[in-house]
$ cat upload.txt   # compact mmCIF, C-alpha atoms and all ligand atoms
# COMPACT_ATOMS: atom_id res chain seq x y z
CA MET L 25 24.22 46.77 -15.86
CA GLU L 26 28.02 47.14 -16.00
CA ASN L 27 28.93 44.79 -13.17
CA VAL L 28 26.97 42.05 -11.46
CA ARG L 29 26.93 42.50 -7.68
CA ILE L 30 27.06 39.10 -6.04
CA GLY L 31 26.68 37.83 -2.48
CA ILE L 32 28.08 34.52 -1.24
CA VAL L 33 25.96 32.48 1.19
CA GLY L 34 27.94 29.97 3.24
CA LEU L 35 31.49 30.96 4.14
CA GLY L 36 32.93 27.53 4.77
CA ASN L 37 35.58 25.79 2.69
CA MET L 38 34.00 26.39 -0.70
CA GLY L 39 32.52 29.81 0.06
CA LYS L 40 35.93 31.06 1.23
CA ALA L 41 37.58 29.71 -1.92
CA HIS L 42 34.99 31.56 -4.07
CA ARG L 43 35.47 34.72 -2.01
CA ALA L 44 39.24 34.63 -2.51
CA CYS L 45 38.82 34.17 -6.23
CA LEU L 46 36.35 37.06 -6.54
CA ARG L 47 38.42 39.35 -4.32
CA ALA L 48 41.42 38.61 -6.54
CA GLY L 49 39.38 39.95 -9.49
CA LYS L 50 39.52 36.68 -11.41
CA VAL L 51 35.99 37.02 -12.82
CA SER L 52 35.51 40.11 -14.90
CA GLY L 53 32.20 41.89 -14.37
CA LEU L 54 31.48 40.07 -11.10
CA GLN L 55 31.80 42.18 -7.97
CA LEU L 56 31.55 40.67 -4.49
CA THR L 57 29.37 43.04 -2.46
CA ALA L 58 28.11 40.85 0.40
CA ILE L 59 28.78 37.66 2.32
CA CYS L 60 26.51 35.71 4.61
CA ASP L 61 27.03 32.91 7.08
CA ARG L 62 24.72 31.98 9.88
CA THR L 63 27.63 31.35 12.23
CA THR L 64 29.56 34.16 13.83
CA ASN L 65 32.90 33.16 12.31
CA LEU L 66 32.67 35.44 9.29
CA PRO L 67 36.06 36.67 8.10
CA PRO L 68 37.08 40.29 8.82
CA PRO L 69 35.05 42.54 6.50
CA GLU L 70 36.71 43.87 3.36
CA GLU L 71 35.89 47.23 1.80
CA GLY L 72 32.65 47.26 -0.18
CA GLU L 73 31.54 43.93 1.28
CA ALA L 74 28.45 43.91 3.54
CA GLN L 75 28.11 41.06 6.04
CA PHE L 76 24.95 39.24 7.06
CA ALA L 77 24.06 36.42 9.44
CA ASP L 78 20.68 35.92 7.78
CA VAL L 79 20.19 35.28 4.07
CA GLU L 80 16.72 36.89 3.96
CA ALA L 81 18.28 40.15 5.20
CA MET L 82 20.98 39.89 2.55
CA ILE L 83 18.40 39.34 -0.20
CA ALA L 84 16.26 42.26 1.06
CA SER L 85 19.27 44.58 1.41
CA GLY L 86 19.30 45.52 -2.28
CA CYS L 87 23.09 45.24 -2.39
CA VAL L 88 23.19 42.10 -4.55
CA ASP L 89 21.92 41.22 -8.03
CA ALA L 90 22.98 37.60 -7.72
CA LEU L 91 23.64 34.93 -5.10
CA LEU L 92 26.29 32.21 -4.97
CA ILE L 93 25.04 29.45 -2.68
CA ALA L 94 27.79 27.46 -0.94
CA THR L 95 25.91 26.14 2.10
CA PRO L 96 25.37 22.47 2.99
CA HIS L 97 23.16 20.87 0.32
CA TYR L 98 19.71 21.00 1.97
CA PHE L 99 19.91 24.81 2.11
CA HIS L 100 20.53 24.98 -1.64
CA THR L 101 16.78 24.48 -1.96
CA THR L 102 15.49 26.89 0.71
CA VAL L 103 18.04 29.65 0.04
CA GLY L 104 17.74 29.15 -3.73
CA ILE L 105 13.94 29.44 -3.69
CA ALA L 106 14.10 32.63 -1.59
CA ALA L 107 16.64 34.19 -3.97
CA LEU L 108 14.86 33.17 -7.16
CA ARG L 109 11.50 34.42 -5.84
CA ALA L 110 13.16 37.75 -5.03
CA GLY L 111 14.26 37.98 -8.69
CA LEU L 112 17.99 37.43 -8.10
CA HIS L 113 20.24 35.52 -10.47
CA VAL L 114 21.53 32.37 -8.76
CA MET L 115 24.62 30.20 -8.96
CA VAL L 116 24.20 27.11 -6.80
CA GLU L 117 27.00 24.79 -5.76
CA LYS L 118 26.66 21.14 -6.62
CA PRO L 119 24.56 19.14 -5.88
CA LEU L 120 21.48 21.09 -7.02
CA SER L 121 19.57 19.73 -3.99
CA VAL L 122 19.56 16.56 -1.90
CA HIS L 123 16.66 14.84 -3.63
CA LYS L 124 14.57 15.04 -6.76
CA ALA L 125 11.47 16.59 -5.13
CA ASP L 126 13.60 19.46 -3.78
CA CYS L 127 15.19 19.89 -7.23
CA GLU L 128 11.69 20.19 -8.70
CA ARG L 129 10.71 22.81 -6.10
CA LEU L 130 13.86 24.80 -6.78
CA ILE L 131 13.55 24.62 -10.56
CA ASN L 132 9.88 25.67 -10.31
CA ALA L 133 10.91 28.86 -8.50
CA HIS L 134 13.00 29.93 -11.51
CA GLN L 135 11.13 32.79 -13.18
CA GLY L 136 12.25 32.37 -16.79
CA SER L 137 15.00 33.15 -19.24
CA GLY L 138 15.64 36.70 -17.96
CA GLN L 139 16.80 35.24 -14.66
CA ILE L 140 20.07 33.30 -14.85
CA PHE L 141 20.13 30.12 -12.79
CA ALA L 142 23.30 28.07 -13.05
CA ALA L 143 25.02 25.25 -11.17
CA MET L 144 28.69 24.78 -10.28
CA PHE L 145 29.55 21.73 -12.38
CA GLN L 146 33.07 22.88 -13.14
CA LEU L 147 34.17 19.49 -14.49
CA ARG L 148 32.23 20.37 -17.65
CA THR L 149 35.01 22.89 -18.35
CA ASP L 150 37.76 20.26 -18.13
CA PRO L 151 39.34 19.99 -21.62
CA LEU L 152 39.40 16.20 -21.24
CA TYR L 153 35.64 15.92 -20.72
CA LYS L 154 34.94 18.56 -23.37
CA GLN L 155 36.89 16.42 -25.82
CA LEU L 156 34.96 13.29 -24.81
CA LYS L 157 31.70 15.18 -25.20
CA SER L 158 32.51 16.13 -28.78
CA LEU L 159 33.76 12.59 -29.55
CA VAL L 160 30.48 11.08 -28.34
CA SER L 161 28.06 13.71 -29.64
CA GLN L 162 29.65 14.03 -33.09
CA GLY L 163 29.26 10.30 -33.64
CA GLU L 164 33.00 9.56 -33.99
CA LEU L 165 32.60 6.56 -31.69
CA GLY L 166 29.33 5.43 -33.28
CA SER L 167 26.36 4.43 -31.18
CA ILE L 168 27.30 3.59 -27.58
CA ARG L 169 27.08 -0.08 -26.58
CA ARG L 170 28.48 -0.10 -23.05
CA VAL L 171 30.04 2.24 -20.48
CA LEU L 172 32.11 1.43 -17.43
CA TRP L 173 33.05 4.21 -15.02
CA ASP L 174 35.15 3.21 -12.02
CA CYS L 175 35.73 6.46 -10.15
CA THR L 176 37.17 5.38 -6.83
CA ASP L 177 39.67 8.23 -6.55
CA TRP L 178 37.57 10.05 -3.93
CA PHE L 179 39.38 8.70 -0.85
CA ARG L 180 38.34 10.49 2.34
CA THR L 181 39.54 10.01 5.93
CA GLU L 182 37.64 9.88 9.22
CA THR L 183 38.97 13.38 9.89
CA TYR L 184 37.23 14.60 6.75
CA TYR L 185 33.92 13.13 7.92
CA THR L 186 34.18 14.73 11.33
CA SER L 187 35.13 18.14 9.89
CA GLY L 188 31.50 19.30 9.68
CA GLY L 189 28.59 18.08 11.80
CA TRP L 190 26.31 17.99 8.73
CA ARG L 191 28.54 15.64 6.74
CA ALA L 192 27.64 12.01 6.04
CA THR L 193 24.31 11.95 7.89
CA TRP L 194 20.85 11.48 6.36
CA LYS L 195 19.65 14.56 8.21
CA GLY L 196 22.57 16.89 7.50
CA GLU L 197 23.72 15.81 4.04
CA GLY L 198 21.12 13.35 2.76
CA GLY L 199 23.71 10.85 1.54
CA GLY L 200 27.39 10.11 1.23
CA VAL L 201 29.67 9.76 -1.77
CA LEU L 202 26.72 9.97 -4.18
CA LEU L 203 25.64 13.35 -2.79
CA ASN L 204 28.98 14.94 -2.01
CA GLN L 205 31.74 13.74 -4.35
CA CYS L 206 29.89 12.05 -7.22
CA PRO L 207 27.45 14.74 -8.33
CA HIS L 208 30.36 15.74 -10.59
CA ASN L 209 30.77 12.27 -12.13
CA LEU L 210 27.03 11.66 -12.37
CA ASP L 211 26.54 15.05 -14.02
CA LEU L 212 29.26 14.29 -16.56
CA TYR L 213 27.79 10.82 -17.06
CA GLN L 214 24.31 12.12 -18.00
CA TRP L 215 25.84 15.01 -20.01
CA LEU L 216 27.81 12.50 -22.10
CA PHE L 217 25.38 9.57 -22.35
CA GLY L 218 21.90 10.80 -21.38
CA MET L 219 19.62 9.28 -18.77
CA PRO L 220 19.03 5.51 -18.57
CA SER L 221 15.57 3.99 -18.28
CA GLU L 222 16.36 1.79 -15.25
CA VAL L 223 18.78 1.86 -12.33
CA THR L 224 19.90 -0.94 -10.04
CA GLY L 225 22.10 0.02 -7.12
CA PHE L 226 24.22 -1.82 -4.60
CA CYS L 227 25.38 0.54 -1.85
CA GLN L 228 27.25 -0.27 1.32
CA PHE L 229 26.71 2.11 4.22
CA GLY L 230 29.61 2.99 6.50
CA ARG L 231 31.71 0.20 5.01
CA TYR L 232 34.98 2.08 5.44
CA HIS L 233 34.07 4.92 7.80
CA ASP L 234 32.13 5.55 11.00
CA ILE L 235 29.19 7.04 9.06
CA GLU L 236 25.57 6.03 8.40
CA VAL L 237 25.50 6.86 4.68
CA GLU L 238 26.99 5.16 1.62
CA ASP L 239 30.75 5.12 1.06
CA ASP L 240 30.86 2.24 -1.42
CA VAL L 241 28.64 2.02 -4.52
CA THR L 242 28.19 -0.21 -7.54
CA ALA L 243 25.34 0.69 -9.88
CA TYR L 244 23.97 -0.68 -13.09
CA PHE L 245 22.18 1.60 -15.61
CA ARG L 246 20.08 0.20 -18.47
CA TYR L 247 18.79 1.94 -21.60
CA LYS L 248 15.80 0.96 -23.74
CA ASN L 249 18.08 0.29 -26.75
CA GLY L 250 20.10 -2.32 -24.83
CA THR L 251 23.03 -0.06 -23.94
CA HIS L 252 24.13 -0.51 -20.37
CA ALA L 253 26.61 0.98 -17.93
CA THR L 254 28.33 0.15 -14.67
CA PHE L 255 29.16 2.97 -12.28
CA ILE L 256 31.45 2.30 -9.32
CA THR L 257 32.59 4.70 -6.66
CA SER L 258 33.91 4.81 -3.12
CA THR L 259 35.55 7.12 -0.62
CA GLY L 260 37.37 4.25 1.05
CA GLU L 261 39.79 2.93 -1.56
CA ALA L 262 43.37 4.11 -1.92
CA PRO L 263 44.97 4.73 -4.32
CA GLY L 264 41.65 4.32 -6.16
CA LYS L 265 41.30 5.08 -9.85
CA ASN L 266 39.42 7.10 -12.39
CA LEU L 267 38.86 4.74 -15.28
CA LEU L 268 36.19 5.40 -17.89
CA GLN L 269 35.69 2.98 -20.78
CA ILE L 270 33.23 3.67 -23.56
CA THR L 271 32.50 0.96 -26.10
CA GLY L 272 30.89 2.20 -29.29
CA GLU L 273 30.27 0.75 -32.75
CA ASN L 274 33.58 2.22 -33.92
CA GLY L 275 35.81 1.08 -31.09
CA LEU L 276 36.81 1.52 -27.49
CA VAL L 277 37.79 4.74 -25.71
CA THR L 278 39.69 4.32 -22.46
CA VAL L 279 40.23 7.28 -20.16
CA ASN L 280 42.69 6.42 -17.41
CA GLY L 281 43.39 9.49 -15.30
CA ARG L 282 44.35 12.11 -17.90
CA GLN L 283 45.31 9.60 -20.59
CA VAL L 284 42.80 9.01 -23.41
CA THR L 285 43.24 6.12 -25.84
CA PHE L 286 40.92 5.43 -28.77
CA GLN L 287 41.15 1.93 -30.28
CA ARG L 288 39.34 2.72 -33.51
CA ASN L 289 37.82 -0.02 -35.66
CA ARG L 290 38.41 0.22 -39.41
CA THR L 291 34.83 -1.08 -39.90
CA SER L 292 32.03 -0.76 -37.36
CA MET L 293 31.63 -3.91 -35.26
CA SER L 294 28.04 -4.61 -36.44
CA GLU L 295 28.96 -4.18 -40.09
CA PHE L 296 32.03 -6.39 -39.71
CA SER L 297 30.05 -9.08 -37.90
CA LEU L 298 27.47 -9.18 -40.71
CA GLU L 299 29.92 -9.06 -43.59
CA SER L 300 32.94 -11.09 -42.50
CA ASP L 301 33.39 -14.62 -43.92
CA ALA L 302 35.67 -15.62 -41.02
CA GLY L 303 34.29 -16.96 -37.75
CA PHE L 304 36.95 -15.71 -35.36
CA ALA L 305 38.05 -12.48 -37.02
CA LYS L 306 37.79 -8.99 -35.50
CA PRO L 307 37.78 -5.65 -37.28
CA GLU L 308 41.27 -4.22 -37.74
CA ASN L 309 41.84 -1.34 -35.33
CA TRP L 310 44.30 1.48 -34.73
CA SER L 311 45.24 2.63 -31.27
CA ILE L 312 45.39 6.40 -31.01
CA ASP L 313 46.62 8.29 -27.94
CA MET L 314 44.39 11.32 -28.07
CA PRO L 315 46.10 14.56 -27.08
CA VAL L 316 44.19 16.34 -24.31
CA PRO L 317 44.41 20.12 -24.55
CA PRO L 318 46.13 21.70 -21.52
CA GLY L 319 44.12 23.03 -18.60
CA THR L 320 41.89 21.67 -15.88
CA ALA L 321 38.39 22.12 -14.57
CA SER L 322 37.82 25.71 -13.52
CA HIS L 323 35.41 27.28 -11.04
CA VAL L 324 36.47 30.65 -12.46
CA GLU L 325 35.35 29.67 -15.97
CA VAL L 326 31.90 28.67 -14.67
CA LEU L 327 31.57 31.94 -12.72
CA GLN L 328 32.74 33.94 -15.76
CA ASN L 329 30.17 32.14 -17.90
CA PHE L 330 27.44 32.91 -15.30
CA THR L 331 28.40 36.60 -15.37
CA ASP L 332 28.53 36.68 -19.17
CA ALA L 333 25.10 35.03 -19.30
CA ILE L 334 23.69 37.84 -17.12
CA LEU L 335 25.50 40.69 -18.87
CA HIS L 336 25.66 39.48 -22.46
CA GLY L 337 23.17 36.61 -22.81
CA VAL L 338 25.77 33.89 -23.54
CA PRO L 339 24.49 30.31 -23.10
CA LEU L 340 25.24 28.64 -19.77
CA ILE L 341 27.82 25.87 -19.40
CA ALA L 342 25.68 24.23 -16.71
CA PRO L 343 22.06 25.40 -16.44
CA ALA L 344 20.85 24.58 -12.92
CA ALA L 345 17.83 22.66 -14.24
CA GLU L 346 20.22 20.02 -15.59
CA GLY L 347 21.38 19.35 -12.01
CA ILE L 348 18.23 17.32 -11.38
CA HIS L 349 19.61 14.45 -13.49
CA SER L 350 22.66 13.67 -11.34
CA ILE L 351 20.40 13.79 -8.27
CA GLU L 352 17.85 11.46 -9.85
CA LEU L 353 20.64 8.96 -10.61
CA ALA L 354 22.02 9.22 -7.05
CA ASN L 355 18.54 8.91 -5.49
CA ALA L 356 17.62 5.95 -7.70
CA ILE L 357 20.83 4.09 -6.74
CA LEU L 358 20.00 4.56 -3.05
CA LEU L 359 16.31 3.70 -3.46
CA SER L 360 17.20 0.57 -5.41
CA THR L 361 19.52 -0.53 -2.60
CA TRP L 362 16.97 0.20 0.15
CA LYS L 363 14.18 -1.64 -1.70
CA ASN L 364 16.36 -4.34 -3.24
CA ARG L 365 14.79 -3.80 -6.66
CA THR L 366 15.41 -2.08 -9.97
CA VAL L 367 14.08 1.50 -10.14
CA PRO L 368 12.51 2.66 -13.42
CA LEU L 369 13.15 6.27 -14.44
CA PRO L 370 11.69 8.83 -14.23
CA MET L 371 11.65 8.08 -10.51
CA ASP L 372 8.77 8.94 -8.18
CA SER L 373 10.28 11.94 -6.40
CA LEU L 374 7.81 12.00 -3.50
CA GLN L 375 8.32 8.31 -2.77
CA TYR L 376 12.06 8.93 -2.53
CA GLU L 377 11.53 11.92 -0.25
CA ARG L 378 9.39 9.76 2.09
CA GLU L 379 12.04 7.02 2.15
CA LEU L 380 14.75 9.55 2.95
CA HIS L 381 12.66 11.04 5.76
CA ASN L 382 12.20 7.51 7.17
CA ARG L 383 16.00 7.20 7.32
CA ILE L 384 16.28 10.58 9.03
CA SER L 385 13.63 9.83 11.65
CA SER L 386 14.87 6.31 12.41
CA SER L 387 18.57 7.24 12.51
CA THR L 388 20.34 5.87 15.59
CA HIS L 389 23.92 6.31 14.42
CA VAL L 390 26.26 8.03 16.87
CA ARG L 391 29.88 8.55 15.87
CA LYS L 392 32.37 6.88 18.18
CA PRO L 393 34.41 9.54 19.99
CA ARG L 394 37.95 9.97 18.71
CA SER L 395 40.47 12.74 18.91
CA VAL L 396 40.82 14.30 15.47
CA LYS L 397 42.81 17.07 13.88
CA LYS L 398 40.45 19.81 12.67
CA LEU L 399 40.41 20.18 8.89
CA THR L 400 41.52 23.68 7.91
CA SER L 401 40.75 25.74 4.83
CA ASP L 402 44.36 25.15 3.73
CA ASP L 403 43.86 21.38 3.84
CA PHE L 404 40.73 21.86 1.80
CA ALA L 405 42.34 24.15 -0.77
CA LYS L 406 45.11 21.57 -1.29
CA SER L 407 42.71 18.72 -1.81
CA PHE L 408 39.44 19.68 -3.45
CA LYS L 409 38.78 19.06 -7.11
N1 LIG T 1 32.14 22.50 -6.77
C1 LIG T 1 32.95 21.82 -5.98
O1 LIG T 1 33.92 21.23 -6.42
C2 LIG T 1 32.68 21.79 -4.51
C3 LIG T 1 33.72 21.45 -3.62
C4 LIG T 1 33.44 21.44 -2.24
C5 LIG T 1 32.15 21.74 -1.79
N2 LIG T 1 31.16 22.01 -2.70
C6 LIG T 1 29.79 22.27 -2.21
O2 LIG T 1 29.76 23.47 -1.43
C7 LIG T 1 28.78 23.33 -0.40
C8 LIG T 1 29.45 23.69 0.94
O3 LIG T 1 30.49 22.77 1.19
P1 LIG T 1 31.68 23.16 2.19
O4 LIG T 1 32.67 22.04 2.10
O5 LIG T 1 32.14 24.55 1.90
O6 LIG T 1 30.93 23.11 3.60
P2 LIG T 1 31.36 23.83 4.97
O7 LIG T 1 30.70 23.09 6.07
O8 LIG T 1 32.83 24.03 5.01
O9 LIG T 1 30.69 25.30 4.84
C9 LIG T 1 29.31 25.52 4.85
C10 LIG T 1 29.06 26.91 5.45
O10 LIG T 1 27.67 27.23 5.27
C11 LIG T 1 27.21 27.88 6.47
N3 LIG T 1 25.74 27.77 6.50
C12 LIG T 1 25.02 26.68 6.76
N4 LIG T 1 23.71 26.95 6.64
C13 LIG T 1 23.61 28.26 6.30
C14 LIG T 1 22.52 29.13 6.02
N5 LIG T 1 21.27 28.69 6.07
N6 LIG T 1 22.80 30.42 5.71
C15 LIG T 1 24.07 30.87 5.67
N7 LIG T 1 25.15 30.07 5.91
C16 LIG T 1 24.92 28.79 6.22
C17 LIG T 1 27.93 27.16 7.58
O11 LIG T 1 27.97 27.92 8.77
C18 LIG T 1 29.33 26.96 6.97
O12 LIG T 1 30.19 28.05 7.27
C19 LIG T 1 28.27 21.90 -0.44
O13 LIG T 1 27.01 21.84 -1.05
C20 LIG T 1 29.30 21.17 -1.29
O14 LIG T 1 28.77 20.10 -2.04
C21 LIG T 1 31.42 22.07 -4.02
$ encode --input "upload.txt" --output "structure tokens" --more "lines below"
Ligand SMILES: NC(=O)c1ccc[n+]([C@@H]2O[C@H](COP(=O)([O-])OP(=O)(O)OC[C@H]3O[C@@H](n4cnc5c(N)ncnc54)[C@H](O)[C@@H]3O)[C@@H](O)[C@H]2O)c1
Amino acid sequence: MENVRIGIVGLGNMGKAHRACLRAGKVSGLQLTAICDRTTNLPPPEEGEAQFADVEAMIASGCVDALLIATPHYFHTTVGIAALRAGLHVMVEKPLSVHKADCERLINAHQGSGQIFAAMFQLRTDPLYKQLKSLVSQGELGSIRRVLWDCTDWFRTETYYTSGGWRATWKGEGGGVLLNQCPHNLDLYQWLFGMPSEVTGFCQFGRYHDIEVEDDVTAYFRYKNGTHATFITSTGEAPGKNLLQITGENGLVTVNGRQVTFQRNRTSMSEFSLESDAGFAKPENWSIDMPVPPGTASHVEVLQNFTDAILHGVPLIAPAAEGIHSIELANAILLSTWKNRTVPLPMDSLQYERELHNRISSSTHVRKPRSVKKLTSDDFAKSFK
């Protein structure tokens, strides 16, 4: 195969952005041959690009080798399963699915290593997070004692929430900030630190917006070795912040926006504590401002990697199967809040699915009418990360 022929499913904000990038030839070896949206507002057709209103027809058409799924989250599962069963390669937008049981169903439809199945976790390509990953995994920081991630820079307005009927409802989206904005942070979290053994969550629902799902979250993650983490997020705080602090044996790394500082201990804290004769002393430390290589997170890099995996067998940046972890964390935070108890991991996926369905069937929330400006693709292009 010289080129991979890809079809995009879901021509909303994200699908249109992917289409523009592919039409501009930014991904070598990836040729856009079809688009599909179940609404009638498909863009005017371009040469060599078939249009479909039904994804099954697109899959059966034979004009695509791969599918890029950019529909609302619940359809990631149904569309993904149909595509994988038909033998297509699949790139799915984040989140992998809405809940763990759907992730399991989707992952089970993957037919093996010859079929490439990847997820759009483009923050893994951000030079800042790549640098953190190597710092943590190469042991430079020593074993991790504590993590604090306060990522409250996801401010969203009422207009945002009314821009799509599926947004911020249990039925249409299956959650709020944990399902829409934070899959990125939760994916990076588990990529950097692995999965905890227990999760305790404190969510507030519709605290800042006229929505039924969570827009304010504080969560506590515990590990068997005593390491623990606090994860905070919200779509209602401005200016908000993105502050990540990692305490390891060898010091403290603080990531504040794009600035990374490593306060490095001359001696590891445990060793110093055991060996020092003084009662109130601390290990000497140096403060290093770590240079972050230029560049930002890139959808194009993830799509190029997907194409190269199909054509040349290169390893994936974000295998789709890894997307189950961010969903399990998000689900466990919600379940813990609903049940007012700590949730041990691995979580019971079917219990969570039942609890979510209870929320869907008992939902009584109706948005108060207000006159809003419709969000355009331009607004979206200016603002999405
Ligand atoms: N990677 C990122 O940074 C990023 C950014 C934004 C959105 N996303 C993800 O992209 C997905 C779409 O988000 P959006 O903001 O573009 O939503 P959107 O509402 O703007 O667009 C969704 C489109 O999918 C279409 N659609 C719905 N069901 C369909 C089906 N069964 N078959 C075909 N088309 C269908 C809708 O008609 C709509 O045009 C979400 O899962 C979201 O999490 C990812």
$ closest_residue --input "upload.txt" --among "L:Ser52, L:Ala354, L:Pro307, L:His123" --to "L:Gln375" --atoms "only C-alpha atoms"
L:His123
$ residues_near_ligand --input "upload.txt" --ligand "ligand LIG 1 (chain T)" --cutoff "8 Å" --atoms "only C-alpha atoms and all ligand atoms" --output "PyMOL selection string"
chain L and resi 33-40+60-63+65+77-79+93-100+103+117-119+144-146+187-191+203-205+208+323+408-409
$ write_last_selection --input "upload.txt" --atoms "C-alpha atoms" --output "mmCIF file, in the frame of the given file"
data_model
loop_
_atom_site.group_PDB
_atom_site.id
_atom_site.type_symbol
_atom_site.label_atom_id
_atom_site.label_comp_id
_atom_site.auth_asym_id
_atom_site.auth_seq_id
_atom_site.Cartn_x
_atom_site.Cartn_y
_atom_site.Cartn_z
ATOM 1 C CA VAL L 33 25.960 32.480 1.190
ATOM 2 C CA GLY L 34 27.940 29.970 3.240
ATOM 3 C CA LEU L 35 31.490 30.960 4.140
ATOM 4 C CA GLY L 36 32.930 27.530 4.770
ATOM 5 C CA ASN L 37 35.580 25.790 2.690
ATOM 6 C CA MET L 38 34.000 26.390 -0.700
ATOM 7 C CA GLY L 39 32.520 29.810 0.060
ATOM 8 C CA LYS L 40 35.930 31.060 1.230
ATOM 9 C CA CYS L 60 26.510 35.710 4.610
ATOM 10 C CA ASP L 61 27.030 32.910 7.080
ATOM 11 C CA ARG L 62 24.720 31.980 9.880
ATOM 12 C CA THR L 63 27.630 31.350 12.230
ATOM 13 C CA ASN L 65 32.900 33.160 12.310
ATOM 14 C CA ALA L 77 24.060 36.420 9.440
ATOM 15 C CA ASP L 78 20.680 35.920 7.780
ATOM 16 C CA VAL L 79 20.190 35.280 4.070
ATOM 17 C CA ILE L 93 25.040 29.450 -2.680
ATOM 18 C CA ALA L 94 27.790 27.460 -0.940
ATOM 19 C CA THR L 95 25.910 26.140 2.100
ATOM 20 C CA PRO L 96 25.370 22.470 2.990
ATOM 21 C CA HIS L 97 23.160 20.870 0.320
ATOM 22 C CA TYR L 98 19.710 21.000 1.970
ATOM 23 C CA PHE L 99 19.910 24.810 2.110
ATOM 24 C CA HIS L 100 20.530 24.980 -1.640
ATOM 25 C CA VAL L 103 18.040 29.650 0.040
ATOM 26 C CA GLU L 117 27.000 24.790 -5.760
ATOM 27 C CA LYS L 118 26.660 21.140 -6.620
ATOM 28 C CA PRO L 119 24.560 19.140 -5.880
ATOM 29 C CA MET L 144 28.690 24.780 -10.280
ATOM 30 C CA PHE L 145 29.550 21.730 -12.380
ATOM 31 C CA GLN L 146 33.070 22.880 -13.140
ATOM 32 C CA SER L 187 35.130 18.140 9.890
ATOM 33 C CA GLY L 188 31.500 19.300 9.680
ATOM 34 C CA GLY L 189 28.590 18.080 11.800
ATOM 35 C CA TRP L 190 26.310 17.990 8.730
ATOM 36 C CA ARG L 191 28.540 15.640 6.740
ATOM 37 C CA LEU L 203 25.640 13.350 -2.790
ATOM 38 C CA ASN L 204 28.980 14.940 -2.010
ATOM 39 C CA GLN L 205 31.740 13.740 -4.350
ATOM 40 C CA HIS L 208 30.360 15.740 -10.590
ATOM 41 C CA HIS L 323 35.410 27.280 -11.040
ATOM 42 C CA PHE L 408 39.440 19.680 -3.450
ATOM 43 C CA LYS L 409 38.780 19.060 -7.110
#
$ closest_residue --input "upload.txt" --among "L:Thr251, L:Thr242, L:Asn382, L:Thr257" --to "L:Arg170" --atoms "all atoms listed in the file"
L:Thr251
$ closest_residue --input "upload.txt" --among "L:Leu66, L:Gln155, L:Leu202, L:Asp234" --to "L:Val390" --atoms "all atoms listed in the file"
L:Asp234
$ atom_distance --input "upload.txt" --atom1 "atom CA of L:Leu353" --atom2 "atom CA of L:Asp240"
15.3 Å
$ residues_around --input "upload.txt" --residues "stretch 172-180 of chain L" --least-positions-apart "2" --cutoff "8 Å" --atoms "all atoms listed in the file" --output "JSON, numbers by chain"
{"L": [170, 182, 184, 185, 205, 209, 253, 254, 255, 256, 257, 258, 259, 260, 261, 262, 263, 264, 265, 266, 267, 268, 269, 270]}
